[in-house]
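Asker: Just passing along the structure, written as structure tokens.
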Amino acid sequence: MVHNIHKNLLSVEPNWQKELANSFTDPEDLLSYLELPLAKYTQHSKARRLFPMRVPYFFASLMAKGQADDPLLKQVLPLADEFLEVDGFVTDPLEELDNAKDGIVHKYHNRLLLIVKGGCAVNCRYCFRRHFPYGEHQNNKTQWREHFAYIHAHTELDEIILSGGDPLMSNDDHIAWLIEQIEAIAHIKRLRIHTRLPVVLPNRVTERLAQLLAHSRLQSIVVLHINHPNEISPELTTKVHALKQHNVTVLNQAVLLKGVNANAQTQMALNEALFSAGIMPYYLHMFDRVKGAHHFAVNDNEAIGIMQEVIKQQSGYMIPKLVREIGGEPSKTPIDLSI
Ligand SMILES: *Cc1c(COP(=O)(O)O)cnc(C)c1O
Ligand code: SF4
């Protein structure tokens, strides 16, 4: 495998699609790059079959060399533990499968989620979507027209959320077309994009994408997904500033993950680093009990203890809401911190 990142950085227009194609997909390549011993890993490599490994070179470059417990590496490296069957951990913890297959999820009153693209630039081992069969999911134009007709008919909607997978796996032409269609529906005021791509591959935030959001009549919000302060690179910060110059609101949602960020110190460092980079911490999600990822689970009492500590020490505006998503509920459910 050849990694062309340096060549890409020197060219006039960095080609994020090429960078994406050069991602690590073999755990042994990633471990060699990180100067970690391969012998101990052999027993784990089968877990790739449960959910493929995918790690852009840029994201790997943020990991520390020679550190098997690097918090970024832990989020993406397949482990034999994923084969364990544990009570209460299921393939579809949010009971979303049927909705997601149609490419549209309207569970919350005023906002509707469009599944723009099934795949992601990085495959996070803890993802509740690891069992979704929509890897190939891609609406055709007829389905899109049906979705827009639905949005048109539902005047209670004021916000459209582009989700996935990762919606920024689509190219800018497709994003432009989607924005144009959504703008044409008078009662929609806001467009939200839920994406991890700018974190793992900052070149995805092209000048054209920023311009598209800047020139839309819709107010735009980008919700990033960053779990650890080491994910906030200078390259990402530059892109966040560019978006903010175009009046895009930039928020973050994180997941509370054992072995990655489940302590008050890391949470505070994350809030501090996000805010310094111009990103507002929005949600901290309780991990969804997805089969094959039980080793990331943090129980409610631990989570509450962490947040109580954070609240004592940090400014209120940089503290995210601790929430859980419960299948069928009409909103995210806040976790009560007063107990
Ligand atoms: C999380 C979620 C949203 C957005 O909820 P906010 O609380 O506004 O961030 C919308 N629709 C679905 C189905 C969701 O899961
Ligand atoms: S980027 Fe988001 S949707 Fe994609 S694998 Fe990671 S957590 Fe899941």
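For the structure tokens, the naming scheme is as follows: chains receive sequential letters (A, B, ...) according to their order of presentation, residues are indexed from 1 within each chain, and ligands are indexed from 1 in presentation order.
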When you look at Gln308 of chain A with a cut-off of 7 Å (counting only C-alpha atoms), what residues show up, excluding the ones that are within fewer than 4 positions of it in the same chain? I need them as a ChimeraX atom specification.
Answerer: /A:304,312,337
Asker: I need the residues from that last selection saved to file as a tab-separated table (two decimals), in the first residue's frame (with C-alpha atoms), if you can.
Answerer:
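New file out_13.tsv:
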```
chain	number	residue	atom	x	y	z
A	304	ILE	CA	-22.61	10.48	36.31
A	312	LYS	CA	-17.37	21.32	39.47
A	337	LEU	CA	-26.72	14.17	37.26
```
Asker: Can you pull out every residue with an atom within 10 Å of ligand 1? Use only C-alpha atoms and all ligand atoms and format it as a short mmCIF file (atom, residue, chain, number, x, y, z; two decimals) with N, CA, C and O atoms, in the first residue's frame.
Answerer:
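Generated output (selection-v7.cif):
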```cif
data_model
loop_
_atom_site.label_atom_id
_atom_site.label_comp_id
_atom_site.auth_asym_id
_atom_site.auth_seq_id
_atom_site.Cartn_x
_atom_site.Cartn_y
_atom_site.Cartn_z
N LEU A 94 -30.90 0.62 18.80
CA LEU A 94 -31.83 1.75 18.70
C LEU A 94 -33.06 1.40 17.87
O LEU A 94 -33.90 2.25 17.61
N GLU A 96 -33.45 0.89 14.80
CA GLU A 96 -33.50 1.87 13.70
C GLU A 96 -33.44 1.24 12.33
O GLU A 96 -33.60 1.90 11.32
N ASN A 99 -36.20 1.87 9.64
CA ASN A 99 -36.22 3.26 9.20
C ASN A 99 -35.03 3.57 8.30
O ASN A 99 -35.18 4.16 7.24
N ALA A 100 -33.85 3.16 8.78
CA ALA A 100 -32.64 3.54 8.09
C ALA A 100 -32.59 2.96 6.68
O ALA A 100 -32.06 3.58 5.77
N ILE A 104 -34.62 7.47 5.35
CA ILE A 104 -35.25 8.64 5.97
C ILE A 104 -35.69 8.24 7.38
O ILE A 104 -36.21 7.15 7.57
N VAL A 105 -35.41 9.08 8.37
CA VAL A 105 -35.84 8.79 9.75
C VAL A 105 -36.52 10.03 10.32
O VAL A 105 -35.87 11.05 10.56
N HIS A 106 -37.83 9.96 10.48
CA HIS A 106 -38.58 11.08 11.07
C HIS A 106 -39.18 10.62 12.39
O HIS A 106 -40.33 10.24 12.46
N LYS A 107 -38.33 10.65 13.44
CA LYS A 107 -38.77 10.24 14.78
C LYS A 107 -39.00 11.46 15.64
O LYS A 107 -39.76 11.42 16.58
N TYR A 108 -38.27 12.54 15.37
CA TYR A 108 -38.33 13.74 16.20
C TYR A 108 -39.18 14.77 15.48
O TYR A 108 -39.09 14.92 14.26
N HIS A 109 -39.98 15.51 16.26
CA HIS A 109 -41.05 16.35 15.71
C HIS A 109 -40.63 17.27 14.55
O HIS A 109 -41.17 17.16 13.45
N ASN A 110 -39.69 18.18 14.81
CA ASN A 110 -39.40 19.23 13.83
C ASN A 110 -38.20 18.93 12.94
O ASN A 110 -37.83 19.74 12.10
N ARG A 111 -37.53 17.81 13.19
CA ARG A 111 -36.31 17.56 12.42
C ARG A 111 -36.33 16.15 11.86
O ARG A 111 -36.78 15.21 12.50
N LEU A 112 -35.78 16.05 10.67
CA LEU A 112 -35.82 14.79 9.95
C LEU A 112 -34.42 14.45 9.46
O LEU A 112 -33.67 15.33 9.02
N LEU A 113 -34.12 13.18 9.58
CA LEU A 113 -32.78 12.72 9.22
C LEU A 113 -32.81 12.05 7.84
O LEU A 113 -33.65 11.18 7.59
N LEU A 114 -31.93 12.48 6.96
CA LEU A 114 -31.78 11.82 5.66
C LEU A 114 -30.49 11.01 5.67
O LEU A 114 -29.43 11.55 5.98
N GLU A 159 -36.03 21.62 10.12
CA GLU A 159 -34.60 21.30 10.03
C GLU A 159 -34.40 19.94 9.38
O GLU A 159 -35.09 18.97 9.73
N ILE A 160 -33.45 19.89 8.46
CA ILE A 160 -33.09 18.61 7.83
C ILE A 160 -31.66 18.26 8.26
O ILE A 160 -30.75 19.11 8.21
N ILE A 161 -31.51 17.02 8.69
CA ILE A 161 -30.19 16.55 9.13
C ILE A 161 -29.66 15.56 8.09
O ILE A 161 -30.31 14.56 7.80
N LEU A 162 -28.50 15.88 7.53
CA LEU A 162 -27.86 14.92 6.63
C LEU A 162 -27.00 13.99 7.49
O LEU A 162 -26.14 14.44 8.24
N SER A 163 -27.29 12.68 7.39
CA SER A 163 -26.59 11.73 8.23
C SER A 163 -26.17 10.55 7.38
O SER A 163 -26.19 10.59 6.15
N ARG A 192 -28.49 20.63 8.85
CA ARG A 192 -27.46 20.15 9.78
C ARG A 192 -26.73 18.98 9.13
O ARG A 192 -27.35 18.15 8.47
N HIS A 194 -24.21 15.87 10.10
CA HIS A 194 -23.53 15.08 11.13
C HIS A 194 -22.38 14.31 10.48
O HIS A 194 -22.63 13.42 9.67
N VAL A 223 -22.18 19.17 12.83
CA VAL A 223 -21.94 18.49 14.11
C VAL A 223 -20.85 17.46 13.88
O VAL A 223 -21.05 16.48 13.16
N GLN A 253 -20.33 16.17 18.98
CA GLN A 253 -20.87 15.11 19.84
C GLN A 253 -19.79 14.05 20.02
O GLN A 253 -19.04 13.73 19.10
N TYR A 282 -21.54 19.65 22.41
CA TYR A 282 -23.00 19.61 22.33
C TYR A 282 -23.53 18.43 23.13
O TYR A 282 -24.20 18.60 24.14
N TYR A 283 -23.21 17.22 22.69
CA TYR A 283 -23.68 16.02 23.39
C TYR A 283 -22.51 15.13 23.78
O TYR A 283 -21.51 15.02 23.05
N HIS A 285 -22.63 11.23 24.47
CA HIS A 285 -23.59 10.12 24.40
C HIS A 285 -23.16 8.96 25.27
O HIS A 285 -21.99 8.57 25.26
N VAL A 323 -26.33 12.37 27.44
CA VAL A 323 -27.62 11.85 26.98
C VAL A 323 -27.53 10.39 26.56
O VAL A 323 -26.45 9.87 26.28
N ARG A 324 -28.70 9.80 26.48
CA ARG A 324 -28.80 8.44 25.96
C ARG A 324 -29.90 8.45 24.90
O ARG A 324 -30.89 9.16 25.03
N GLU A 325 -29.68 7.67 23.87
CA GLU A 325 -30.74 7.52 22.89
C GLU A 325 -31.47 6.22 23.19
O GLU A 325 -30.86 5.16 23.29
N ILE A 326 -32.78 6.34 23.35
CA ILE A 326 -33.60 5.16 23.62
C ILE A 326 -34.53 4.97 22.42
O ILE A 326 -35.24 5.90 22.03
N GLY A 327 -34.47 3.77 21.82
CA GLY A 327 -35.29 3.50 20.63
C GLY A 327 -36.74 3.87 20.88
O GLY A 327 -37.29 3.54 21.93
N GLY A 328 -37.34 4.60 19.95
CA GLY A 328 -38.77 4.93 20.06
C GLY A 328 -39.08 6.20 20.85
O GLY A 328 -40.18 6.70 20.79
N GLU A 329 -38.11 6.74 21.59
CA GLU A 329 -38.37 7.99 22.34
C GLU A 329 -38.35 9.19 21.39
O GLU A 329 -37.59 9.20 20.43
N PRO A 330 -39.15 10.22 21.69
CA PRO A 330 -39.25 11.37 20.77
C PRO A 330 -38.11 12.38 20.88
O PRO A 330 -38.16 13.44 20.26
N SER A 331 -37.10 12.10 21.67
CA SER A 331 -35.91 12.95 21.73
C SER A 331 -34.82 12.16 22.44
O SER A 331 -35.07 11.09 22.96
N LYS A 332 -33.61 12.73 22.48
CA LYS A 332 -32.56 12.13 23.30
C LYS A 332 -32.98 12.26 24.77
O LYS A 332 -33.66 13.22 25.13
N THR A 333 -32.55 11.34 25.61
CA THR A 333 -32.94 11.37 27.01
C THR A 333 -31.76 11.84 27.85
O THR A 333 -30.72 11.19 27.87
N PRO A 334 -31.91 13.01 28.54
CA PRO A 334 -30.81 13.48 29.39
C PRO A 334 -30.62 12.56 30.59
O PRO A 334 -31.58 12.03 31.13
#
```
Asker: Would you list the residues that come within 6 Å of ligand 2? Count only C-alpha atoms and all ligand atoms and give the answer as a PyMOL selection string.
Answerer: chain A and resi 120+122-124+127+129+165-166+196
Asker: Identify which of the residues A:Ile339, A:Leu243, A:Ala21, A:Ala293 lies closest to Ala80 of chain A, counting only C-alpha atoms when measuring atom-to-atom distances.
Answerer: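 The closest residue to Ala80 of chain A is A:Ala293.
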Asker: Give me the residues within 7 Å of Leu212 of chain A as a ChimeraX atom specification, counting only C-alpha atoms and dropping any in the same chain fewer than 4 places off.
Answerer: /A:176,208,216
Asker: Would you save the residues from that selection as a PDB file, in the first residue's frame, using all heavy atoms?
Answerer:
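Generated output (part12.pdb):
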```
ATOM      1  N   ALA A 176     -24.335  19.679  -3.269  1.00  0.00           N
ATOM      2  CA  ALA A 176     -24.911  20.889  -3.876  1.00  0.00           C
ATOM      3  C   ALA A 176     -26.340  20.636  -4.330  1.00  0.00           C
ATOM      4  O   ALA A 176     -27.247  21.450  -4.099  1.00  0.00           O
ATOM      5  CB  ALA A 176     -24.053  21.345  -5.052  1.00  0.00           C
ATOM      6  N   ARG A 208     -15.155  24.605  -1.899  1.00  0.00           N
ATOM      7  CA  ARG A 208     -16.483  24.567  -2.514  1.00  0.00           C
ATOM      8  C   ARG A 208     -17.555  24.200  -1.491  1.00  0.00           C
ATOM      9  O   ARG A 208     -18.637  24.803  -1.470  1.00  0.00           O
ATOM     10  CB  ARG A 208     -16.488  23.543  -3.667  1.00  0.00           C
ATOM     11  CG  ARG A 208     -17.874  23.343  -4.254  1.00  0.00           C
ATOM     12  CD  ARG A 208     -17.884  23.091  -5.750  1.00  0.00           C
ATOM     13  NE  ARG A 208     -19.261  23.016  -6.219  1.00  0.00           N
ATOM     14  CZ  ARG A 208     -19.807  21.921  -6.732  1.00  0.00           C
ATOM     15  NH1 ARG A 208     -19.090  20.814  -6.870  1.00  0.00           N
ATOM     16  NH2 ARG A 208     -21.073  21.940  -7.118  1.00  0.00           N
ATOM     17  N   SER A 216     -26.009  29.351   0.968  1.00  0.00           N
ATOM     18  CA  SER A 216     -27.367  28.825   1.078  1.00  0.00           C
ATOM     19  C   SER A 216     -28.221  29.769   1.911  1.00  0.00           C
ATOM     20  O   SER A 216     -27.714  30.424   2.817  1.00  0.00           O
ATOM     21  CB  SER A 216     -27.312  27.451   1.754  1.00  0.00           C
ATOM     22  OG  SER A 216     -28.610  27.004   2.025  1.00  0.00           O
TER      23      SER A 216
END
```
Asker: Which is closest to Asn230 of chain A among A:Gly278, A:Ala269, A:His152, A:Phe51, if we use only C-alpha atoms?
Answerer: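 Of all the options, A:Ala269 lies closest to Asn230 of chain A.
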Asker: Considering only alpha helix (DSSP H) as DSSP defines it on the backbone, what residues of segment 188-267 of chain A qualify? List them as a list in words.
Answerer: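 Going through segment 188-267 of chain A, the alpha helix (DSSP H) residues come out as Leu197, Pro198, Val199, Val200, Glu207, Arg208, Leu209, Ala210, Gln211, Leu212, Leu213, Ala214, Pro234, Glu235, Leu236, Thr237, Thr238, Lys239, Val240, His241, Ala242, Leu243, Lys244, Gln245, Ala264, Gln265, Thr266 and Gln267 of chain A.
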Asker: Export, as a short mmCIF file (atom, residue, chain, number, x, y, z; two decimals), in the first residue's frame, the selected residues with C-alpha atoms.
Answerer:
```cif
data_model
loop_
_atom_site.label_atom_id
_atom_site.label_comp_id
_atom_site.auth_asym_id
_atom_site.auth_seq_id
_atom_site.Cartn_x
_atom_site.Cartn_y
_atom_site.Cartn_z
CA LEU A 197 -14.97 13.07 8.03
CA PRO A 198 -13.34 16.48 8.71
CA VAL A 199 -11.73 14.93 11.82
CA VAL A 200 -10.17 11.92 10.12
CA GLU A 207 -13.48 25.49 -0.36
CA ARG A 208 -16.48 24.57 -2.51
CA LEU A 209 -18.22 22.84 0.41
CA ALA A 210 -17.68 25.89 2.61
CA GLN A 211 -19.02 28.11 -0.20
CA LEU A 212 -22.09 25.92 -0.66
CA LEU A 213 -22.97 26.29 3.00
CA ALA A 214 -22.11 29.99 3.00
CA PRO A 234 -4.15 21.98 13.50
CA GLU A 235 -5.49 20.93 10.07
CA LEU A 236 -8.98 20.38 11.52
CA THR A 237 -8.83 23.67 13.43
CA THR A 238 -8.01 25.54 10.21
CA LYS A 239 -11.05 24.00 8.51
CA VAL A 240 -13.30 24.80 11.47
CA HIS A 241 -12.20 28.43 11.29
CA ALA A 242 -12.97 28.48 7.55
CA LEU A 243 -16.48 27.13 8.20
CA LYS A 244 -17.08 29.63 10.97
CA GLN A 245 -15.99 32.49 8.71
CA ALA A 264 -13.00 13.39 34.17
CA GLN A 265 -9.51 14.48 33.19
CA THR A 266 -9.89 13.44 29.53
CA GLN A 267 -13.40 14.87 29.33
#
```
Asker: Quick check, in Å to one decimal: how far apart do atom CA of Gly103 of chain A and atom CA of Asp173 of chain A lie?
Answerer: 19.2 Å
Asker: May I have the residues within 9 Å of Ile182 of chain A as an MDAnalysis selection string, using only C-alpha atoms and disregarding those fewer than 5 positions away in the same chain?
Answerer: chainID A and resid 148 151 160 177 188 191 218
Asker: Can I get the selected residues back with N, CA and C atoms, as a tab-separated table (two decimals), in the first residue's frame?
Answerer:
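Generated file (out00.tsv):
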```
chain	number	residue	atom	x	y	z
A	148	PHE	N	-38.21	14.24	-0.74
A	148	PHE	CA	-38.47	15.68	-0.77
A	148	PHE	C	-39.97	15.96	-0.74
A	151	ILE	N	-40.99	15.72	2.85
A	151	ILE	CA	-40.59	16.92	3.61
A	151	ILE	C	-41.53	18.08	3.28
A	160	ILE	N	-33.45	19.89	8.46
A	160	ILE	CA	-33.09	18.61	7.83
A	160	ILE	C	-31.66	18.26	8.26
A	177	TRP	N	-26.54	19.48	-4.96
A	177	TRP	CA	-27.88	19.13	-5.44
A	177	TRP	C	-28.86	18.98	-4.27
A	188	ILE	N	-38.42	24.85	5.53
A	188	ILE	CA	-37.14	24.40	6.10
A	188	ILE	C	-36.20	25.59	6.31
A	191	LEU	N	-30.16	23.49	8.00
A	191	LEU	CA	-29.54	22.28	7.47
A	191	LEU	C	-28.43	21.87	8.42
A	218	LEU	N	-30.31	28.58	3.86
A	218	LEU	CA	-30.49	27.79	5.09
A	218	LEU	C	-29.38	28.13	6.07
```
Asker: Mind listing the strand (DSSP E) residues of segment 117-285 of chain A, per DSSP on the backbone, as a VMD selection string?
Answerer: chain A and resid 117 159 to 164 190 to 195 219 to 225 249 to 255 280 to 285
Asker: Counting only C-alpha atoms, figure out which residue out of A:Trp16, A:Phe24, A:Phe287, A:Tyr33 gets nearest to Gly66 of chain A.
Answerer: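 Of A:Trp16, A:Phe24, A:Phe287, A:Tyr33, the one nearest Gly66 of chain A is A:Tyr33, counting only C-alpha atoms.
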Asker: Write out as JSON, numbers by chain each polymer residue whose atoms come within 8 Å of Leu62 of chain A, counting only C-alpha atoms; drop sequence neighbours fewer than 4 positions from it.
Answerer: {"A": [58, 72, 230, 231, 233]}
Asker: Select, from A:Met307, A:Ile319, A:Leu251, A:Val90, the residue with the minimum atom-to-atom distance to Glu272 of chain A, counting only C-alpha atoms.
Answerer: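 For Glu272 of chain A, the nearest of the given residues is A:Ile319.
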Asker: I'd like to know which of A:Gly305, A:Pro202, A:Gly164, A:Pro78 is closest to Pro14 of chain A, using only C-alpha atoms.
Answerer: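 Residue with the minimum atom-to-atom distance to Pro14 of chain A: A:Pro202.
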Asker: Which one of A:Ser276, A:Asn139, A:Thr91, A:Thr25 sits closest to Pro52 of chain A if you count only C-alpha atoms?
Answerer: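 Closest residue, counting only C-alpha atoms: A:Thr25.
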Asker: Please compute the atom CA of Asp81 of chain A-atom CA of Lys117 of chain A distance, one decimal, in Å.
Answerer: 28.5 Å
